[in-house]
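Text of the file model-v5.txt, holding compact mmCIF, C-alpha atoms:
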# COMPACT_ATOMS: atom_id res chain seq x y z
CA MET A 1 2.20 -4.79 -37.04
CA ASN A 2 0.58 -1.95 -38.95
CA ARG A 3 0.41 1.64 -37.68
CA ILE A 4 -2.94 1.31 -35.86
CA GLN A 5 -1.90 -1.89 -34.13
CA ARG A 6 1.39 -0.27 -33.13
CA GLU A 7 -0.41 2.73 -31.64
CA LYS A 8 -2.83 0.48 -29.77
CA PHE A 9 0.05 -1.50 -28.35
CA ARG A 10 1.82 1.71 -27.32
CA ASP A 11 -1.32 3.00 -25.55
CA ARG A 12 -1.85 -0.27 -23.71
CA HIS A 13 1.81 -0.46 -22.75
CA LEU A 14 1.98 3.06 -21.30
CA ARG A 15 -1.43 2.82 -19.66
CA GLN A 16 -0.41 -0.31 -17.83
CA LYS A 17 2.73 1.37 -16.53
CA TYR A 18 0.78 4.43 -15.47
CA ASP A 19 -1.78 2.24 -13.66
CA LEU A 20 1.00 0.42 -11.86
CA LEU A 21 2.33 3.74 -10.61
CA HIS A 22 -1.06 4.57 -9.15
CA MET A 23 -1.36 1.18 -7.47
CA MET A 24 1.70 1.85 -5.32
CA PRO A 25 -0.06 3.86 -2.57
CA THR A 26 -2.44 0.95 -1.96
CA LEU A 27 0.20 -1.74 -2.08
CA LYS A 28 2.31 0.23 0.42
CA THR A 29 5.51 -0.52 -1.44
CA PRO A 30 7.09 2.89 -2.06
CA ALA A 31 10.43 1.30 -2.91
CA LEU A 32 8.96 0.01 -6.16
CA SER A 33 7.36 3.29 -7.23
CA GLY A 34 10.68 4.93 -8.13
CA MET A 35 11.54 2.05 -10.42
CA TYR A 36 8.11 2.10 -12.07
CA LEU A 37 8.32 5.86 -12.57
CA THR A 38 11.68 5.70 -14.36
CA ASN A 39 10.36 2.79 -16.39
CA TYR A 40 7.30 4.81 -17.38
CA TYR A 41 9.33 7.89 -18.31
CA ASN A 42 11.68 5.73 -20.38
CA GLY A 43 8.67 4.31 -22.24
CA VAL A 44 7.36 7.80 -22.95
CA LYS A 45 10.79 8.82 -24.20
CA ARG A 46 11.05 5.75 -26.43
CA TYR A 47 7.74 6.52 -28.12
CA ASP A 48 8.79 10.19 -28.44
CA LEU A 49 5.73 11.60 -26.71
CA THR A 50 5.16 14.81 -24.79
CA LEU A 51 3.21 14.48 -21.57
CA PRO A 52 1.08 17.25 -20.07
CA LYS A 53 2.76 19.62 -17.62
CA GLU A 54 0.69 18.35 -14.67
CA ILE A 55 2.42 14.97 -14.95
CA THR A 56 5.95 16.01 -15.82
CA GLU A 57 6.44 19.00 -13.51
CA ALA A 58 9.09 18.19 -10.92
CA ASN A 59 7.70 17.19 -7.50
CA ALA A 60 4.14 18.19 -8.43
CA LYS A 61 2.49 14.83 -9.09
CA PHE A 62 5.27 12.41 -8.18
CA CYS A 63 7.78 12.69 -5.36
CA GLY A 64 11.16 13.79 -6.69
CA LYS A 65 13.05 11.37 -4.46
CA CYS A 66 11.05 8.12 -4.14
CA GLY A 67 8.77 8.56 -7.17
CA SER A 68 5.49 7.78 -5.41
CA VAL A 69 2.28 9.51 -6.43
CA HIS A 70 1.41 12.38 -4.11
CA VAL A 71 -1.84 11.60 -2.31
CA PRO A 72 -2.62 14.11 0.44
CA LEU A 73 -3.55 12.69 3.87
CA LEU A 74 -2.19 9.30 2.76
CA ASN A 75 1.47 9.73 1.82
CA THR A 76 1.88 13.49 1.50
CA GLN A 77 1.49 16.41 3.85
CA ILE A 78 0.67 19.75 2.25
CA SER A 79 0.99 23.11 3.95
CA ILE A 80 1.16 26.76 2.96
CA THR A 81 3.44 29.24 4.69
CA ASP A 82 4.04 32.92 4.12
CA SER A 83 7.41 33.41 2.48
CA SER A 84 9.86 36.18 3.31
CA ALA A 85 9.27 37.90 -0.04
CA ALA A 86 6.36 40.29 -0.10
CA ASN A 87 3.12 39.04 -1.64
CA GLN A 88 4.49 35.50 -1.95
CA GLU A 89 3.69 32.23 -0.23
CA THR A 90 5.32 28.82 -0.19
CA ILE A 91 3.45 25.59 -0.83
CA THR A 92 5.25 22.66 0.78
CA PHE A 93 4.75 19.01 -0.20
CA LYS A 94 6.27 16.62 2.31
CA CYS A 95 6.44 12.99 1.24
CA LEU A 96 5.69 10.76 4.23
CA ASN A 97 7.51 7.80 2.65
CA CYS A 98 10.94 9.38 2.26
CA GLU A 99 10.56 12.69 4.18
CA HIS A 100 11.45 14.60 1.00
CA GLU A 101 10.22 18.17 1.00
CA ALA A 102 9.40 20.13 -2.13
CA ASN A 103 8.65 23.84 -2.07
CA PHE A 104 6.69 25.79 -4.65
CA SER A 105 6.49 29.54 -4.44
CA SER A 106 3.35 31.24 -5.67
CA HIS A 107 1.83 34.68 -5.67
CA LYS A 108 -0.75 35.43 -3.06
CA ILE A 109 -4.23 35.93 -4.41
CA LYS A 110 -5.15 39.58 -4.33
CA GLN A 111 -7.88 39.98 -1.80
CA ARG A 112 -10.57 42.50 -2.38
CA ALA A 113 -11.88 44.41 0.59
CA PRO A 114 -15.37 43.12 1.29
CA GLN A 115 -18.17 45.66 0.99
CA VAL A 116 -18.75 46.46 4.64
CA GLN A 117 -19.69 50.10 5.06
CA VAL A 118 -22.47 51.61 3.03
CA GLU A 119 -21.48 55.22 3.82
CA ASN A 120 -18.07 54.84 2.26
CA LYS A 121 -19.67 53.45 -0.85
CA GLU A 122 -21.90 56.50 -1.22
CA VAL A 123 -18.96 58.82 -0.84
CA ALA A 124 -17.10 56.91 -3.47
CA GLU A 125 -20.03 57.20 -5.84
CA THR A 126 -20.33 60.99 -5.47
CA THR A 127 -16.69 61.65 -6.32
CA PRO A 128 -16.45 62.54 -10.01
CA LYS A 129 -14.75 59.95 -12.16
CA LYS A 130 -11.97 60.99 -14.47
CA LYS A 131 -12.92 60.56 -18.07
CA ILE A 132 -10.50 58.49 -20.09
CA THR A 133 -10.28 59.88 -23.59
CA LYS A 134 -8.58 57.96 -26.30
CA SER A 135 -6.31 59.96 -28.55
CA THR A 136 -7.01 59.41 -32.20
CA ALA A 137 -4.48 59.55 -35.03
CA LYS A 138 -5.87 62.92 -36.16
CA ASP A 139 -5.39 64.45 -32.72
CA ARG A 140 -1.87 63.17 -32.49
CA GLN A 141 -1.05 64.65 -35.93
CA LYS A 142 -2.50 68.00 -34.85
CA LYS A 143 -0.37 67.99 -31.72
CA ARG A 144 2.73 67.18 -33.73
CA LYS A 145 2.06 70.09 -36.06
CA GLN A 146 1.52 72.45 -33.14
CA ASN A 147 4.81 71.46 -31.58
CA SER A 148 6.86 72.24 -34.69
CA LEU A 149 9.48 75.03 -34.44
CA SER A 150 7.80 77.43 -36.86
CA ASN A 151 4.50 77.10 -35.03
CA LEU A 152 6.13 77.77 -31.67
CA LEU A 153 7.85 80.90 -33.03
CA SER A 154 4.64 82.23 -34.51
CA THR A 155 2.73 81.69 -31.25
CA LYS A 156 5.48 83.55 -29.36
CA LYS A 157 5.27 86.44 -31.81
CA LYS A 158 1.51 86.59 -31.38
CA GLU A 159 1.90 86.66 -27.61
CA ARG A 160 4.41 89.54 -27.86
CA LYS A 161 2.06 91.51 -30.08
CA SER A 162 -0.94 91.00 -27.87
CA SER A 163 0.84 91.90 -24.61
CA PRO A 164 1.63 95.67 -24.13
CA SER A 165 5.32 96.39 -24.40
CA PRO A 166 7.05 97.52 -21.17
CA LEU A 167 8.58 100.53 -22.99
CA ALA A 168 5.12 101.81 -23.92
CA SER A 169 4.39 102.64 -20.30
CA LEU A 170 7.57 104.69 -19.96
CA THR A 171 6.73 107.36 -22.52
CA LEU A 172 6.83 111.01 -21.42
CA GLU A 173 3.08 111.41 -21.79
CA ASN A 174 2.32 108.49 -19.58
CA PHE A 175 4.84 109.67 -17.06
CA MET A 176 3.27 113.12 -17.01
CA LYS A 177 -0.21 111.62 -16.55
CA LYS A 178 0.95 109.72 -13.52
CA MET B 1 0.46 33.99 -32.98
CA ASN B 2 -0.85 34.89 -36.41
CA SER B 3 2.22 33.87 -38.33
CA LEU B 4 2.07 30.59 -40.19
CA LYS B 5 5.18 29.35 -38.45
CA ALA B 6 3.68 29.94 -35.02
CA ILE B 7 0.44 28.16 -35.98
CA GLU B 8 2.40 25.21 -37.30
CA LYS B 9 4.49 25.06 -34.14
CA ASP B 10 1.40 25.14 -31.97
CA ALA B 11 -0.27 22.39 -34.00
CA LEU B 12 2.83 20.22 -33.69
CA ARG B 13 2.92 20.72 -29.94
CA ARG B 14 -0.76 19.81 -29.69
CA ARG B 15 -0.29 16.66 -31.72
CA GLN B 16 2.54 15.49 -29.54
CA THR B 17 0.69 15.75 -26.21
CA TYR B 18 -0.31 12.30 -25.12
CA LYS B 19 -4.02 12.21 -24.30
CA ALA B 20 -4.42 8.45 -23.88
CA VAL B 21 -2.85 8.66 -20.44
CA LEU B 22 -5.45 11.13 -19.26
CA SER B 23 -8.42 9.18 -20.59
CA ASN B 24 -7.36 6.14 -18.62
CA PRO B 25 -10.46 4.75 -16.82
CA TYR B 26 -8.51 3.53 -13.79
CA VAL B 27 -6.76 6.79 -12.97
CA ASN B 28 -9.55 8.87 -14.59
CA GLU B 29 -7.56 12.09 -14.60
CA GLU B 30 -9.75 13.67 -17.23
CA HIS B 31 -12.76 13.62 -14.90
CA LEU B 32 -10.99 14.16 -11.62
CA TRP B 33 -13.14 17.20 -10.97
CA PRO B 34 -16.78 16.07 -10.76
CA ARG B 35 -19.17 17.60 -13.25
CA VAL B 36 -21.61 20.23 -11.97
CA ALA B 37 -24.95 20.20 -13.79
CA ASP B 38 -25.87 23.89 -13.44
CA GLN B 39 -22.92 25.99 -12.35
CA ALA B 40 -24.78 29.31 -12.51
CA LEU B 41 -27.47 27.98 -10.17
CA VAL B 42 -24.82 26.72 -7.74
CA VAL B 43 -23.21 30.17 -7.64
CA GLN B 44 -26.62 31.75 -7.02
CA LEU B 45 -27.34 29.31 -4.20
CA LEU B 46 -23.93 29.97 -2.66
CA GLN B 47 -24.52 33.69 -2.87
CA LYS B 48 -27.95 33.45 -1.28
CA HIS B 49 -27.26 30.94 1.49
CA VAL B 50 -23.66 31.71 2.44
CA LEU B 51 -22.07 34.80 0.95
CA ASN B 52 -24.90 37.22 1.73
CA LYS B 53 -24.99 36.00 5.33
CA VAL B 54 -21.21 36.33 5.64
CA ALA B 55 -21.31 39.85 4.21
CA GLN B 56 -24.03 40.82 6.69
CA LEU B 57 -22.13 39.38 9.65
CA ARG B 58 -19.01 41.24 8.58
CA ALA B 59 -20.95 44.45 8.21
CA MET B 60 -22.35 44.05 11.73
CA GLY B 61 -18.86 43.37 13.04
CA THR B 62 -19.78 40.07 14.69
CA PRO B 63 -16.72 38.21 16.05
CA LEU B 64 -15.87 34.98 14.19
CA ASP B 65 -16.62 32.67 17.11
CA GLN B 66 -20.17 34.01 17.37
CA TRP B 67 -21.06 33.40 13.72
CA PRO B 68 -24.00 30.99 13.22
CA LEU B 69 -22.18 29.31 10.29
CA ARG B 70 -18.61 28.07 10.04
CA VAL B 71 -16.66 28.84 6.87
CA HIS B 72 -13.08 27.71 6.32
CA THR B 73 -11.03 29.52 3.70
CA GLU B 74 -7.36 29.05 4.69
CA PHE B 75 -5.76 26.00 3.06
CA ASN B 76 -4.04 24.76 6.23
CA ASP B 77 -7.30 25.10 8.11
CA ILE B 78 -9.20 23.13 5.44
CA TYR B 79 -6.47 20.46 5.35
CA ASN B 80 -6.59 19.99 9.14
CA TRP B 81 -10.39 19.89 9.16
CA LEU B 82 -10.48 17.18 6.48
CA GLN B 83 -7.75 15.24 8.29
CA ASP B 84 -9.52 15.27 11.64
CA ALA B 85 -13.10 14.95 10.35
CA ALA B 86 -15.22 12.19 11.83
CA PRO B 87 -16.28 9.41 9.39
CA GLY B 88 -20.01 10.22 9.58
CA SER B 89 -19.75 13.93 8.87
CA SER B 90 -20.07 15.68 5.54
CA ALA B 91 -19.03 18.98 4.00
CA LEU B 92 -19.18 21.05 0.85
CA LEU B 93 -15.90 22.14 -0.69
CA PHE B 94 -16.19 24.91 -3.25
CA ALA B 95 -13.17 25.45 -5.48
CA CYS B 96 -12.44 28.23 -7.95
CA ASN B 97 -10.18 25.95 -9.98
CA LYS B 98 -10.59 27.74 -13.30
CA ASP B 99 -9.50 31.19 -12.22
CA ALA B 100 -6.13 32.47 -13.34
CA ASP B 101 -4.68 33.46 -9.96
CA ILE B 102 -4.99 30.01 -8.39
CA PRO B 103 -1.77 27.95 -8.10
CA GLN B 104 -2.33 24.84 -10.21
CA VAL B 105 0.11 22.72 -8.18
CA LEU B 106 -2.21 23.07 -5.22
CA MET B 107 -5.42 22.70 -7.19
CA GLN B 108 -4.17 19.41 -8.64
CA GLN B 109 -4.24 17.90 -5.15
CA VAL B 110 -7.68 19.16 -4.10
CA PRO B 111 -9.77 16.37 -5.74
CA LEU B 112 -7.49 13.76 -4.16
CA LEU B 113 -7.80 15.49 -0.80
CA ALA B 114 -11.60 15.42 -1.06
CA ALA B 115 -11.65 11.78 -2.20
CA VAL B 116 -9.28 10.49 0.49
CA SER B 117 -10.87 12.31 3.43
CA LYS B 118 -12.84 10.14 5.87
CA CYS B 119 -15.88 12.41 5.79
CA ALA B 120 -18.17 12.71 2.78
CA VAL B 121 -16.93 15.72 0.86
CA THR B 122 -18.95 17.09 -2.05
CA LEU B 123 -16.44 18.78 -4.28
CA VAL B 124 -18.01 21.62 -6.27
CA GLN B 125 -16.06 23.40 -8.97
CA LEU B 126 -17.18 26.96 -9.56
CA PRO B 127 -17.21 28.59 -13.00
CA ARG B 128 -14.45 30.84 -14.30
CA GLY B 129 -14.49 34.30 -12.76
CA SER B 130 -16.36 33.26 -9.62
CA LEU B 131 -13.35 34.05 -7.42
CA ALA B 132 -14.03 37.76 -7.82
CA THR B 133 -17.71 37.21 -6.97
CA VAL B 134 -16.90 35.31 -3.79
CA GLN B 135 -14.20 37.76 -2.78
CA LYS B 136 -16.74 40.57 -2.65
CA SER B 137 -18.10 38.93 0.52
CA ILE B 138 -15.20 36.91 1.91
CA GLY B 139 -11.48 36.67 1.11
CA LEU B 140 -10.32 33.38 -0.41
CA PRO B 141 -6.55 33.08 0.06
CA CYS B 142 -6.29 29.84 -1.93
CA GLY B 143 -9.55 29.75 -3.91
CA LEU B 144 -11.19 27.19 -1.62
CA LEU B 145 -14.21 27.45 0.65
CA LEU B 146 -15.18 24.63 3.00
CA LEU B 147 -18.61 24.52 4.53
CA PRO B 148 -19.13 21.85 7.19
CA GLN B 149 -22.54 20.23 7.41
CA GLU B 150 -23.22 21.11 11.07
CA HIS B 151 -23.63 24.82 10.46
CA ALA B 152 -25.01 24.89 6.93
CA ASP B 153 -28.60 24.89 5.73
CA PRO B 154 -29.54 21.22 5.03
CA ALA B 155 -31.77 22.15 2.08
CA PHE B 156 -28.87 24.05 0.50
CA MET B 157 -26.52 21.10 1.08
CA LYS B 158 -29.02 18.74 -0.55
CA GLN B 159 -29.58 21.00 -3.55
CA VAL B 160 -25.88 21.42 -4.24
CA ALA B 161 -25.18 17.72 -3.76
CA ALA B 162 -27.98 16.88 -6.23
CA LEU B 163 -26.44 19.17 -8.85
CA THR B 164 -22.96 17.68 -8.50
CA ASP B 165 -21.82 14.29 -9.77
CA PRO B 166 -20.10 11.99 -7.29
CA GLN B 167 -16.32 11.75 -7.48
CA ASP B 168 -15.00 8.82 -9.47
CA ALA B 169 -11.41 7.79 -8.79
CA PRO B 170 -11.14 3.98 -8.72
CA TRP B 171 -7.44 4.01 -7.83
CA LEU B 172 -8.14 5.91 -4.60
CA GLN B 173 -11.00 3.70 -3.45
CA ALA B 174 -8.60 0.85 -2.87
CA THR B 175 -6.69 2.90 -0.30
CA GLU B 176 -9.39 2.30 2.29
CA TYR B 177 -9.61 -0.91 4.25
CA LYS B 178 -12.64 -2.92 3.31
CA PRO B 179 -14.33 -5.51 5.51
CA ALA B 180 -13.48 -9.02 4.34
CA ASP B 181 -16.32 -11.18 3.09
CA VAL B 182 -15.65 -13.89 5.69
CA LYS B 183 -18.57 -15.29 7.59
CA LEU B 184 -18.74 -17.77 10.41
CA VAL B 185 -21.15 -20.67 10.12
CA LYS B 186 -22.60 -22.04 13.30
CA SER B 187 -22.34 -25.77 13.17
CA SER B 188 -22.61 -28.58 15.65
CA ALA B 189 -21.27 -32.06 15.67
CA PRO B 190 -22.91 -34.91 17.60
CA LEU B 191 -21.04 -36.15 20.64
CA LYS B 192 -19.84 -39.64 20.33

Would you give me this structure, written as structure tokens?
Amino acid sequence: MNRIQREKFRDRHLRQKYDLLHMMPTLKTPALSGMYLTNYYNGVKRYDLTLPKEITEANAKFCGKCGSVHVPLLNTQISITDSSAANQETITFKCLNCEHEANFSSHKIKQRAPQVQVENKEVAETTPKKKITKSTAKDRQKKRKQNSLSNLLSTKKKERKSSPSPLASLTLENFMKK
Amino acid sequence: MNSLKAIEKDALRRRQTYKAVLSNPYVNEEHLWPRVADQALVVQLLQKHVLNKVAQLRAMGTPLDQWPLRVHTEFNDIYNWLQDAAPGSSALLFACNKDADIPQVLMQQVPLLAAVSKCAVTLVQLPRGSLATVQKSIGLPCGLLLLPQEHADPAFMKQVAALTDPQDAPWLQATEYKPADVKLVKSSAPLK
């Protein structure tokens, strides 16, 4: 067998096993599905292939206990319940063949408040929006320079010079004027 | 992702994934979600015929039981409706399956749910980002919106059904009981 023939054989082989797995719900023989699933996974392993996550994820497509394909309303019951953790919910898959339950926790979808009141909207529009200004490299460099020790000292000196000294108001002349 | 090593790793991972399983005509996993011819038009129709009405009813503060149209958004509610639906009825099931917030474990089962249900369900996948559009009018806790036929506009139902391909899952069709092709022939034998 050359490479192409080998690949064709491999495809046919795995496809047949995968088809058999999907025939199980119709044949109503869940006992066989576990065997077929392990057989299929062994085949995949032998050919050193990686399957997509939808197929290989535990309990998602196939039941973790009996190996049958999850088909809602037929052999699986699906329900969603609020979990104890905030903003979380639990998706439960219950296999009707073997009563095995699998739980998946997921984040709740953030719900936007529907636009109900027009007045509120207008109020929201009139409130001024804060402008977001991006700081450039030049600005950041300027700030760094301003925060240096020598700069801070010089600004303090300037402030002292500009403000009148408290002793100046206590001269004799000023006191006499008052 | 820009390093050569990362690109090589990604390419290797892509090569290894086995696509032949997905393109299997019997299981038909690649086309589990039926194709929608014009997704933008479907969103527009949904907005016009359902979402605008829902937004108006909410704005007026009409109680749910007095709404002229029934909309199911909770997953458990949708599941129960599809389970108990009468064989002759039909419904539209809109799904935001491409949005990031939707749990994929649940979305994986939605096409099967629609295909197995006794009523005729037209499964319509909405384009990416439509969850936010729908949520402006009504909250979707699981990214699904079921619209039963009884309360919906028939013209809208027809238009959407015409734009959507029928579901094709040969392995699920066999799950239903089919009438056997056995016929009785009336015959008579002469009395001796």

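Across the model, the gap from atom CA of B:Val42 to atom CA of B:Tyr26 is 29.0 Å.
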
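Between atom CA of B:Ala37 and atom CA of B:Leu69 the interatomic distance comes to 25.9 Å.
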
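You will find atom CA of B:Gln167 at 15.5 Å from atom CA of B:Ser23.
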
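Nearest to chain B of all the residues A:Gln141, A:Thr136, A:Asn87, A:Thr26 is A:Thr26, based on only C-alpha atoms.
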
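For the set A:Arg10, A:Lys17, A:His22, A:Lys138, the residue with the smallest atom-to-atom gap to chain B is A:His22, counting all atoms listed in the file.
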
Excluding same-chain residues fewer than 2 positions from B:Leu112, what lies within 8 Å of it counting all atoms listed in the file, as an NGL selection string?
(:A and (71-72)) or (:B and (108-110 or 114-116 or 172))

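Among A:Glu101, A:Glu89, A:Glu7, A:Glu54, the residue with the shortest atom-to-atom distance to B:Cys142, counting only C-alpha atoms, is A:Glu89.
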
Restricting the calculation to only C-alpha atoms, which member of A:Thr50, A:Ser135, A:Asn103, A:Thr92 is positioned closest to B:Phe75?
A:Thr92

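For A:Leu73, the set of protein, DNA and RNA residues having any atom at most 8 Å away, when counting all atoms listed in the file and skipping those fewer than 5 positions along the same chain, is Gln83, Leu113, Val116 and Ser117 of chain B.
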
Among listed residues A:Tyr41, A:Tyr18, A:Phe62, A:Tyr36, nearest chain B (using all atoms listed in the file)
A:Tyr18

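For the choices A:Ala137, A:Ala85, A:Met35, A:Val44, the atom-to-atom distance to chain B is smallest for A:Val44 when using only C-alpha atoms.
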